[in-house]
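Shown next: model-v1.cif, given as mmCIF, C-alpha atoms.
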data_coords
loop_
_atom_site.label_atom_id
_atom_site.label_comp_id
_atom_site.auth_asym_id
_atom_site.auth_seq_id
_atom_site.Cartn_x
_atom_site.Cartn_y
_atom_site.Cartn_z
CA MET D 156 52.46 20.93 260.71
CA LYS D 157 55.86 21.62 262.27
CA ARG D 158 56.30 24.76 260.21
CA ARG D 159 52.90 26.08 261.28
CA THR D 160 53.76 25.46 264.94
CA VAL D 161 57.31 26.81 264.97
CA ASN D 162 56.79 30.02 263.01
CA PRO D 163 54.29 31.67 265.39
CA VAL D 164 56.37 30.62 268.41
CA ALA D 165 59.54 32.03 266.86
CA THR D 166 57.70 35.22 265.92
CA LEU D 167 56.41 35.66 269.46
CA GLY D 168 59.93 35.10 270.80
CA ILE D 169 61.32 37.80 268.53
CA MET D 170 58.45 40.14 269.48
CA ALA D 171 59.20 39.59 273.17
CA ALA D 172 62.92 40.25 272.69
CA VAL D 173 62.28 43.47 270.74
CA ILE D 174 59.79 44.76 273.32
CA VAL D 175 62.12 43.94 276.23
CA VAL D 176 65.09 45.72 274.62
CA ALA D 177 62.93 48.73 273.71
CA THR D 178 61.52 48.98 277.24
CA VAL D 179 65.00 48.78 278.78
CA LEU D 180 66.12 51.62 276.48
CA ASP D 181 63.14 53.67 277.59
CA LYS D 182 63.95 53.08 281.25
CA ALA D 183 67.61 53.96 280.72
CA TYR D 184 67.15 57.33 279.00
CA SER D 185 64.17 58.31 281.22
CA LEU D 186 66.05 58.22 284.53
CA GLY D 187 66.33 62.02 284.60
CA LEU D 188 62.62 62.44 283.88
CA VAL D 189 61.72 60.12 286.75
CA ALA D 190 64.00 62.14 289.04
CA ILE D 191 61.94 65.31 288.49
CA GLY D 192 58.66 63.60 289.27
CA GLY D 193 57.55 62.31 285.88
CA ALA D 194 57.10 58.78 284.62
CA SER D 195 59.51 57.11 282.23
CA LEU D 196 58.78 57.66 278.57
CA ALA D 197 57.63 54.68 276.53
CA VAL D 198 58.55 55.88 273.04
CA CYS D 199 60.67 52.88 272.03
CA SER D 200 58.27 50.51 273.77
CA LEU D 201 55.21 51.87 271.98
CA VAL D 202 56.94 51.80 268.59
CA SER D 203 57.92 48.17 269.22
CA VAL D 204 54.40 47.28 270.38
CA THR D 205 52.88 48.93 267.30
CA LEU D 206 55.38 47.11 265.10
CA SER D 207 54.60 43.76 266.72
CA ALA D 208 50.84 44.29 266.64
CA MET D 209 50.54 45.38 263.00
CA LEU D 210 53.52 43.92 261.15
CA TYR D 211 51.72 40.79 259.92
CA ASN D 212 48.22 42.31 259.95
CA LYS D 213 46.92 39.54 262.22
CA PHE D 214 44.75 40.06 265.28
CA PRO D 215 46.41 37.42 267.56
CA TYR D 216 49.73 39.25 267.31
CA ALA D 217 47.99 42.46 268.39
CA ILE D 218 46.77 40.76 271.56
CA ALA D 219 50.21 39.23 272.22
CA ALA D 220 52.03 42.55 271.70
CA GLY D 221 50.08 44.32 274.44
CA ALA D 222 50.37 41.38 276.83
CA LEU D 223 54.13 41.13 276.32
CA PHE D 224 54.52 44.86 276.94
CA GLY D 225 52.54 44.60 280.17
CA VAL D 226 54.54 41.66 281.51
CA THR D 227 57.81 43.37 280.54
CA SER D 228 56.78 46.55 282.37
CA PHE D 229 55.89 44.53 285.46
CA VAL D 230 59.21 42.66 285.56
CA LEU D 231 61.35 45.72 284.83
CA ALA D 232 59.58 47.65 287.60
CA TYR D 233 61.69 45.60 290.02
CA ILE D 234 64.95 46.12 288.09
CA PHE D 235 64.33 49.85 287.60
CA PRO D 236 62.42 50.45 290.87
CA SER D 237 58.92 51.74 290.20
CA PRO D 238 56.45 50.94 293.01
CA ILE D 239 53.43 51.90 290.90
CA PHE D 240 54.25 49.48 288.08
CA GLN D 241 55.13 46.71 290.50
CA ASN D 242 51.38 46.42 290.83
CA PRO D 243 50.06 44.40 287.84
CA LEU D 244 46.86 46.47 287.86
CA ALA D 245 48.93 49.40 286.58
CA SER D 246 51.57 47.59 284.53
CA VAL D 247 49.85 44.56 283.00
CA VAL D 248 46.06 44.98 282.92
CA PRO D 249 45.88 48.24 280.88
CA ARG D 250 48.44 46.99 278.36
CA LEU D 251 46.35 43.91 277.56
CA PHE D 252 44.06 46.14 275.52
CA ILE D 253 46.35 48.61 273.77
CA GLY D 254 47.30 46.26 270.93
CA ILE D 255 43.63 45.43 270.38
CA VAL D 256 42.62 49.10 270.27
CA GLY D 257 45.50 50.04 267.97
CA PHE D 258 44.88 47.14 265.59
CA GLY D 259 41.16 47.88 265.47
CA ALA D 260 41.86 51.53 264.65
CA TYR D 261 44.33 50.40 261.95
CA CYS D 262 41.73 48.15 260.30
CA LEU D 263 39.07 50.87 260.37
CA ALA D 264 41.56 53.41 258.99
CA ARG D 265 42.32 51.11 256.05
CA LEU D 266 38.62 51.13 255.18
CA ALA D 267 38.48 54.90 255.66
CA ALA D 268 41.51 55.34 253.40
CA LYS D 269 39.76 53.46 250.60
CA GLY D 270 36.71 55.66 251.08
CA MET D 271 38.82 58.82 250.97
CA MET D 272 40.51 57.66 247.77
CA LYS D 273 37.11 57.15 246.14
CA PHE D 274 35.82 60.48 247.48
CA ALA D 275 38.88 62.32 246.18
CA GLU D 276 38.41 60.68 242.79
CA LEU D 277 34.70 61.50 242.57
CA THR D 278 34.85 65.09 243.83
CA ARG D 279 38.13 66.05 242.17
CA PHE D 280 38.91 68.01 245.33
CA PRO D 281 41.98 70.22 244.66
CA ASP D 282 45.10 68.55 246.03
CA VAL D 283 46.68 71.90 246.94
CA LEU D 284 43.63 72.83 249.03
CA SER D 285 43.65 69.45 250.78
CA VAL D 286 47.32 69.92 251.72
CA CYS D 287 46.59 73.46 252.97
CA LEU D 288 43.76 72.10 255.13
CA ALA D 289 46.10 69.51 256.63
CA ILE D 290 48.73 72.17 257.37
CA ALA D 291 46.10 74.47 258.87
CA GLY D 292 44.84 71.60 261.01
CA ALA D 293 48.35 70.93 262.30
CA GLY D 294 48.69 74.61 263.17
CA GLY D 295 45.37 74.50 264.97
CA VAL D 296 46.46 71.51 267.06
CA ALA D 297 49.69 73.29 267.95
CA LEU D 298 47.81 76.43 269.03
CA TYR D 299 45.41 74.33 271.06
CA ILE D 300 48.30 72.67 272.89
CA ILE D 301 49.83 76.06 273.72
CA LEU D 302 46.74 78.16 274.50
CA ALA D 303 44.25 75.71 276.01
CA ARG D 304 46.65 74.16 278.49
CA GLU D 305 45.71 76.53 281.33
CA ALA D 306 42.18 77.38 280.16
CA LEU D 307 40.60 73.92 280.45
CA PRO D 308 40.42 71.26 283.15
CA ALA D 309 43.15 68.68 282.69
CA ALA D 310 40.84 65.79 281.76
CA ALA D 311 38.88 67.89 279.22
CA TYR D 312 42.10 69.22 277.73
CA PHE D 313 43.42 65.71 277.33
CA VAL D 314 40.26 64.30 275.69
CA LEU D 315 39.95 67.23 273.27
CA LEU D 316 43.60 66.81 272.39
CA TRP D 317 42.94 63.20 271.36
CA LEU D 318 40.00 64.28 269.21
CA ALA D 319 42.00 67.09 267.61
CA GLY D 320 44.83 64.68 266.82
CA ALA D 321 42.43 62.15 265.29
CA ALA D 322 40.82 64.88 263.16
CA GLU D 323 44.25 65.99 261.96
CA LEU D 324 45.08 62.42 260.95
CA LEU D 325 41.91 62.36 258.81
CA LEU D 326 42.94 65.62 257.13
CA ILE D 327 46.39 64.21 256.41
CA GLY D 328 44.87 61.00 255.03
CA PHE D 329 42.57 62.95 252.74
CA ALA D 330 45.49 65.09 251.55
CA VAL D 331 47.45 61.91 250.73
CA ALA D 332 44.46 60.58 248.76
CA CYS D 333 44.09 63.81 246.78
CA VAL D 334 47.79 64.07 245.96
CA ALA D 335 47.93 60.40 244.92
CA ARG D 336 44.94 60.93 242.62
CA SER D 337 46.60 63.97 241.01
CA PHE D 338 49.68 61.88 240.17
CA GLY D 339 47.53 59.11 238.72
CA LYS D 340 48.46 56.60 241.41
CA THR D 341 46.31 54.25 243.42
CA GLY D 342 47.98 55.50 246.59
CA GLU D 343 48.16 52.02 248.10
CA ARG D 344 51.37 52.72 249.99
CA GLY D 345 50.14 56.13 251.12
CA ALA D 346 46.86 54.64 252.31
CA GLU D 347 48.70 51.97 254.28
CA HIS D 348 51.01 54.59 255.78
CA PHE D 349 47.96 56.59 256.85
CA ALA D 350 46.27 53.52 258.38
CA LEU D 351 49.42 52.60 260.30
CA SER D 352 49.68 56.17 261.60
CA VAL D 353 46.11 55.98 262.89
CA GLY D 354 46.81 52.60 264.50
CA ALA D 355 49.94 53.96 266.19
CA PHE D 356 48.06 57.08 267.33
CA PHE D 357 45.33 55.08 269.05
CA THR D 358 47.85 52.65 270.52
CA VAL D 359 49.41 55.57 272.39
CA VAL D 360 46.01 57.01 273.30
CA ALA D 361 44.84 53.65 274.66
CA ASN D 362 48.05 53.19 276.63
CA THR D 363 47.71 56.58 278.29
CA ALA D 364 43.93 56.54 278.74
CA LEU D 365 43.97 53.10 280.39
CA THR D 366 47.23 53.34 282.36
CA LEU D 367 46.83 56.74 284.03
CA PRO D 368 43.58 55.90 285.88
CA MET D 369 45.19 52.68 287.15
CA MET D 370 48.23 54.66 288.31
CA PHE D 371 45.91 56.94 290.26
CA LEU D 372 44.07 53.93 291.68
CA VAL D 373 47.15 52.15 293.04
CA SER D 374 49.19 55.19 294.14
CA ASP D 375 48.79 57.99 296.66
CA ALA D 376 51.22 60.25 294.80
CA PHE D 377 48.44 62.22 293.09
CA GLY D 378 45.58 64.13 294.66
CA SER D 379 43.13 63.46 291.84
CA LEU D 380 42.91 61.88 288.42
CA ALA D 381 43.05 65.36 286.91
CA ASP D 382 46.42 65.83 288.61
CA VAL D 383 47.69 62.68 286.91
CA TYR D 384 46.63 63.95 283.49
CA ALA D 385 48.00 67.44 284.17
CA THR D 386 51.37 66.10 285.33
CA LEU D 387 51.96 63.53 282.63
CA THR D 388 50.36 65.05 279.52
CA LEU D 389 53.26 67.30 278.50
CA LEU D 390 56.06 65.20 279.97
CA ASN D 391 54.90 61.84 278.61
CA PHE D 392 51.85 61.75 276.40
CA LEU D 393 52.74 64.37 273.78
CA PRO D 394 56.29 63.11 273.07
CA GLU D 395 55.04 59.52 272.93
CA LEU D 396 52.15 60.46 270.64
CA LEU D 397 54.24 62.51 268.22
CA VAL D 398 57.21 60.17 267.89
CA THR D 399 55.21 56.94 267.79
CA THR D 400 52.70 58.23 265.23
CA VAL D 401 55.43 59.52 262.92
CA LEU D 402 58.01 56.77 263.33
CA SER D 403 55.91 53.58 263.54
CA PRO D 404 54.62 53.54 259.92
CA ILE D 405 58.13 54.08 258.58
CA VAL D 406 59.52 51.24 260.70
CA ILE D 407 56.66 48.84 259.90
CA LEU D 408 56.73 49.42 256.15
CA GLY D 409 60.52 49.09 256.17
CA VAL D 410 60.44 45.80 258.09
CA ARG D 411 57.69 44.46 255.82
CA ARG D 412 59.83 45.28 252.83
CA GLY D 413 62.86 43.61 254.43
CA LEU D 414 60.81 40.47 255.15
CA ARG D 415 59.48 40.55 251.59
CA LEU D 416 55.90 40.96 252.70
CA GLY D 417 53.28 42.88 250.78
CA ILE D 418 52.51 46.49 251.61
CA ASP D 419 49.57 45.27 253.68
CA GLY D 420 51.72 42.82 255.68
CA ARG D 421 50.40 39.72 253.95
CA PRO D 422 52.82 37.24 252.32
CA ARG D 423 53.42 37.99 248.68
CA VAL D 424 52.09 35.46 246.19
CA LYS D 425 54.96 34.07 244.17
CA ARG D 426 54.86 34.26 240.41
CA SER D 427 55.28 30.50 240.10
CA GLU D 428 52.14 30.02 242.19
CA ASN D 429 50.24 32.46 239.98
CA ALA D 430 51.42 30.63 236.90
CA THR D 431 50.29 27.30 238.34
CA GLU D 432 46.86 28.73 239.16
CA GLU D 433 46.51 30.11 235.63
CA ARG D 434 47.36 26.71 234.12
CA GLU D 435 44.78 25.01 236.29
#
Written as structure tokens, how would this file's structure read?
Amino acid sequence: MKRRTVNPVATLGIMAAVIVVATVLDKAYSLGLVAIGGASLAVCSLVSVTLSAMLYNKFPYAIAAGALFGVTSFVLAYIFPSPIFQNPLASVVPRLFIGIVGFGAYCLARLAAKGMMKFAELTRFPDVLSVCLAIAGAGGVALYIILAREALPAAAYFVLLWLAGAAELLLIGFAVACVARSFGKTGERGAEHFALSVGAFFTVVANTALTLPMMFLVSDAFGSLADVYATLTLLNFLPELLVTTVLSPIVILGVRRGLRLGIDGRPRVKRSENATEERE
């Protein structure tokens, strides 16, 4: 009973410490960005939230990760003065949901990855073609970012960017499935990497989609919600999205390996336990 009580508490304490340190780092290196009218980047914070939410593959930790991030943002808004985030409607409330959204996307992506593995196996889709499609998709997203920036309203540009990014993740996941099939592997690690990337992607999307409207609601600094999106998309959202999506799976899988967890974040079953079960 003691072990069951202490372990979650200790884990939450470590999560809180990691998120606090990451948020302080974000505030420290973003001082110049704030000075030119942007908002501080949350790259380290979002990587730490994604790590905390998905490390053990348990829903309660996903809820706790977002809540801890929100409370940390609220407290640090007084240390690194930020009038907008001193209002809990902007700092705490939106962050309560980002871990939930990210974890839900991660779970759905794991199911999708299994489906893509089966589809790749059944169709024998050429692995080279799948990789080319993924590369072409990445090029298309890059062109969209460059060319559509001035052609579309800010809100529409932002929403379509999310959809384009999600579609590109699916192309990458399918390419991973096809390549794994060609090498005669189950692709378990690749599938998990893909699912974690999707979870990280939607963690950032949820953070931006929920926080920016609240920033507009509690501040008079912006004329309209479109102005908020237009101002912060390039300065904040894109760097956060790119770095968090790429870095989070690597960090999570590395920490899982260091903690001797399975690829999926679940505790590994010891051989002695397997032997005992076989005897019984």
>> Here's the selection I'm unsure about, the PyMOL selection byres ((chain D and resi 366) around 8); applied to the file above, which residues does it give, as a PyMOL selection string?
In response: chain D and resi 245-246+249-250+362-365+367-370
> How would you write, as number ranges by chain, the residues chosen by the PyMOL selection byres ((chain D and resi 273) around 12) on this structure?
Replying inline: D: 266-272, 274-280, 329, 332-333, 335-336, 341-342, 346
>> Between atom CA of D:Thr205 and atom CA of D:Leu351, what distance in Å does the model show, to one decimal?
In response: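 Computed distance, atom CA of D:Thr205 to atom CA of D:Leu351, equals 8.6 Å.
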Starting from the PyMOL selection byres ((chain D and resi 420-424) around 6), expand the selection into actual residues of this file and give them as a PDB file with C-alpha atoms, in the coordinates of the input.
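The resulting file, part35.pdb, is shown below:
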ATOM      1  CA  LEU D 210      53.520  43.920 261.150  1.00  0.00           C
ATOM      2  CA  TYR D 211      51.720  40.790 259.920  1.00  0.00           C
ATOM      3  CA  ASN D 212      48.220  42.310 259.950  1.00  0.00           C
ATOM      4  CA  LEU D 416      55.900  40.960 252.700  1.00  0.00           C
ATOM      5  CA  GLY D 417      53.280  42.880 250.780  1.00  0.00           C
ATOM      6  CA  ILE D 418      52.510  46.490 251.610  1.00  0.00           C
ATOM      7  CA  ASP D 419      49.570  45.270 253.680  1.00  0.00           C
ATOM      8  CA  LYS D 425      54.960  34.070 244.170  1.00  0.00           C
TER       9      LYS D 425
END
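Non-sequential neighbours of D:Leu284 (distance at most 12 Å, separation of 6 or more positions within a chain, all atoms listed in the file) are Ala275, Ile290, Ala291, Leu326, Ile327, Phe329, Ala330, Val331, Cys333 and Val334 of chain D.
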>> Give me, as a PyMOL selection string, all polymer residues having an atom no more than 8 Å from stretch 219-234 of chain D, counting all atoms listed in the file and skipping those fewer than 4 positions away in the same chain.
In response: chain D and resi 167+170-171+174-175+178-179+200+204-205+207-208+215+238+240-243+246-255
>> Using all atoms listed in the file, can you tell me which of D:Val314, D:Val198, D:Gly413, D:Ala260 comes closest to D:Ser185?
In response: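 Among the listed residues, D:Val198 lies closest to D:Ser185.
Going from atom CA of D:Pro236 over to atom CA of D:Leu372, you cover 18.7 Å.
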> Hey, which of D:Leu318, D:Ala172, D:Ile405, D:Ile218 ends up closest to D:Phe349? Count all atoms listed in the file.
Replying inline: D:Ile405
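Counting all atoms listed in the file, the residue from D:Ala303, D:Leu206, D:Ile169, D:Ala217 that sits nearest to D:Thr400 is D:Leu206.
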> What does the distance from atom CA of D:Ala350 to atom CA of D:Ala322 come to in Å, to one decimal?
Replying inline: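 Between atom CA of D:Ala350 and atom CA of D:Ala322 the gap is 13.5 Å.
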Got a minute to add N, CA and C atoms to stretch 239-275 of chain D and dump it as a CSV table (one decimal), in the coordinates of the input?
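Saved file part28.csv follows:
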chain,number,residue,atom,x,y,z
D,239,ILE,N,54.7,51.9,291.6
D,239,ILE,CA,53.4,51.9,290.9
D,239,ILE,C,53.3,50.7,289.9
D,240,PHE,N,54.3,50.5,289.1
D,240,PHE,CA,54.2,49.5,288.1
D,240,PHE,C,54.6,48.1,288.6
D,241,GLN,N,55.0,48.0,289.9
D,241,GLN,CA,55.1,46.7,290.5
D,241,GLN,C,53.8,46.1,290.8
D,242,ASN,N,52.8,46.9,290.7
D,242,ASN,CA,51.4,46.4,290.8
D,242,ASN,C,50.9,46.1,289.4
D,243,PRO,N,50.5,44.8,289.2
D,243,PRO,CA,50.1,44.4,287.8
D,243,PRO,C,48.8,45.1,287.4
D,244,LEU,N,48.0,45.7,288.3
D,244,LEU,CA,46.9,46.5,287.9
D,244,LEU,C,47.3,47.7,287.0
D,245,ALA,N,48.5,48.2,287.3
D,245,ALA,CA,48.9,49.4,286.6
D,245,ALA,C,49.8,49.0,285.4
D,246,SER,N,50.6,47.9,285.5
D,246,SER,CA,51.6,47.6,284.5
D,246,SER,C,51.1,46.6,283.5
D,247,VAL,N,50.2,45.6,283.9
D,247,VAL,CA,49.8,44.6,283.0
D,247,VAL,C,48.4,44.8,282.5
D,248,VAL,N,47.5,45.0,283.3
D,248,VAL,CA,46.1,45.0,282.9
D,248,VAL,C,45.8,46.0,281.8
D,249,PRO,N,46.2,47.3,281.9
D,249,PRO,CA,45.9,48.2,280.9
D,249,PRO,C,46.5,47.9,279.5
D,250,ARG,N,47.7,47.3,279.6
D,250,ARG,CA,48.4,47.0,278.4
D,250,ARG,C,47.8,45.8,277.6
D,251,LEU,N,47.0,45.0,278.2
D,251,LEU,CA,46.4,43.9,277.6
D,251,LEU,C,45.5,44.4,276.4
D,252,PHE,N,45.0,45.6,276.5
D,252,PHE,CA,44.1,46.1,275.5
D,252,PHE,C,44.6,47.1,274.5
D,253,ILE,N,45.9,47.6,274.7
D,253,ILE,CA,46.4,48.6,273.8
D,253,ILE,C,46.6,48.1,272.4
D,254,GLY,N,47.1,46.8,272.2
D,254,GLY,CA,47.3,46.3,270.9
D,254,GLY,C,46.0,46.0,270.2
D,255,ILE,N,45.0,45.7,271.0
D,255,ILE,CA,43.6,45.4,270.4
D,255,ILE,C,43.1,46.7,269.9
D,256,VAL,N,43.1,47.8,270.7
D,256,VAL,CA,42.6,49.1,270.3
D,256,VAL,C,43.4,49.6,269.0
D,257,GLY,N,44.7,49.5,269.1
D,257,GLY,CA,45.5,50.0,268.0
D,257,GLY,C,45.2,49.3,266.7
D,258,PHE,N,45.1,47.9,266.8
D,258,PHE,CA,44.9,47.1,265.6
D,258,PHE,C,43.5,47.4,265.0
D,259,GLY,N,42.5,47.6,265.9
D,259,GLY,CA,41.2,47.9,265.5
D,259,GLY,C,41.1,49.2,264.7
D,260,ALA,N,41.8,50.2,265.3
D,260,ALA,CA,41.9,51.5,264.6
D,260,ALA,C,42.6,51.4,263.3
D,261,TYR,N,43.6,50.6,263.2
D,261,TYR,CA,44.3,50.4,262.0
D,261,TYR,C,43.4,49.8,260.9
D,262,CYS,N,42.6,48.8,261.3
D,262,CYS,CA,41.7,48.2,260.3
D,262,CYS,C,40.6,49.1,259.8
D,263,LEU,N,40.1,49.9,260.8
D,263,LEU,CA,39.1,50.9,260.4
D,263,LEU,C,39.7,52.0,259.5
D,264,ALA,N,40.9,52.4,259.8
D,264,ALA,CA,41.6,53.4,259.0
D,264,ALA,C,41.8,52.9,257.6
D,265,ARG,N,42.1,51.6,257.4
D,265,ARG,CA,42.3,51.1,256.0
D,265,ARG,C,41.0,51.2,255.2
D,266,LEU,N,39.9,51.0,255.9
D,266,LEU,CA,38.6,51.1,255.2
D,266,LEU,C,38.4,52.6,254.9
D,267,ALA,N,38.7,53.5,255.9
D,267,ALA,CA,38.5,54.9,255.7
D,267,ALA,C,39.4,55.4,254.5
D,268,ALA,N,40.6,54.9,254.5
D,268,ALA,CA,41.5,55.3,253.4
D,268,ALA,C,41.0,55.0,252.0
D,269,LYS,N,40.4,53.8,251.9
D,269,LYS,CA,39.8,53.5,250.6
D,269,LYS,C,38.6,54.4,250.3
D,270,GLY,N,37.8,54.7,251.3
D,270,GLY,CA,36.7,55.7,251.1
D,270,GLY,C,37.2,57.0,250.7
D,271,MET,N,38.3,57.5,251.3
D,271,MET,CA,38.8,58.8,251.0
D,271,MET,C,39.4,58.8,249.6
D,272,MET,N,40.0,57.7,249.1
D,272,MET,CA,40.5,57.7,247.8
D,272,MET,C,39.4,57.8,246.8
D,273,LYS,N,38.3,57.1,247.0
D,273,LYS,CA,37.1,57.2,246.1
D,273,LYS,C,36.5,58.5,246.2
D,274,PHE,N,36.4,59.1,247.4
D,274,PHE,CA,35.8,60.5,247.5
D,274,PHE,C,36.7,61.5,246.7
D,275,ALA,N,38.0,61.4,246.9
D,275,ALA,CA,38.9,62.3,246.2
D,275,ALA,C,38.7,62.2,244.7
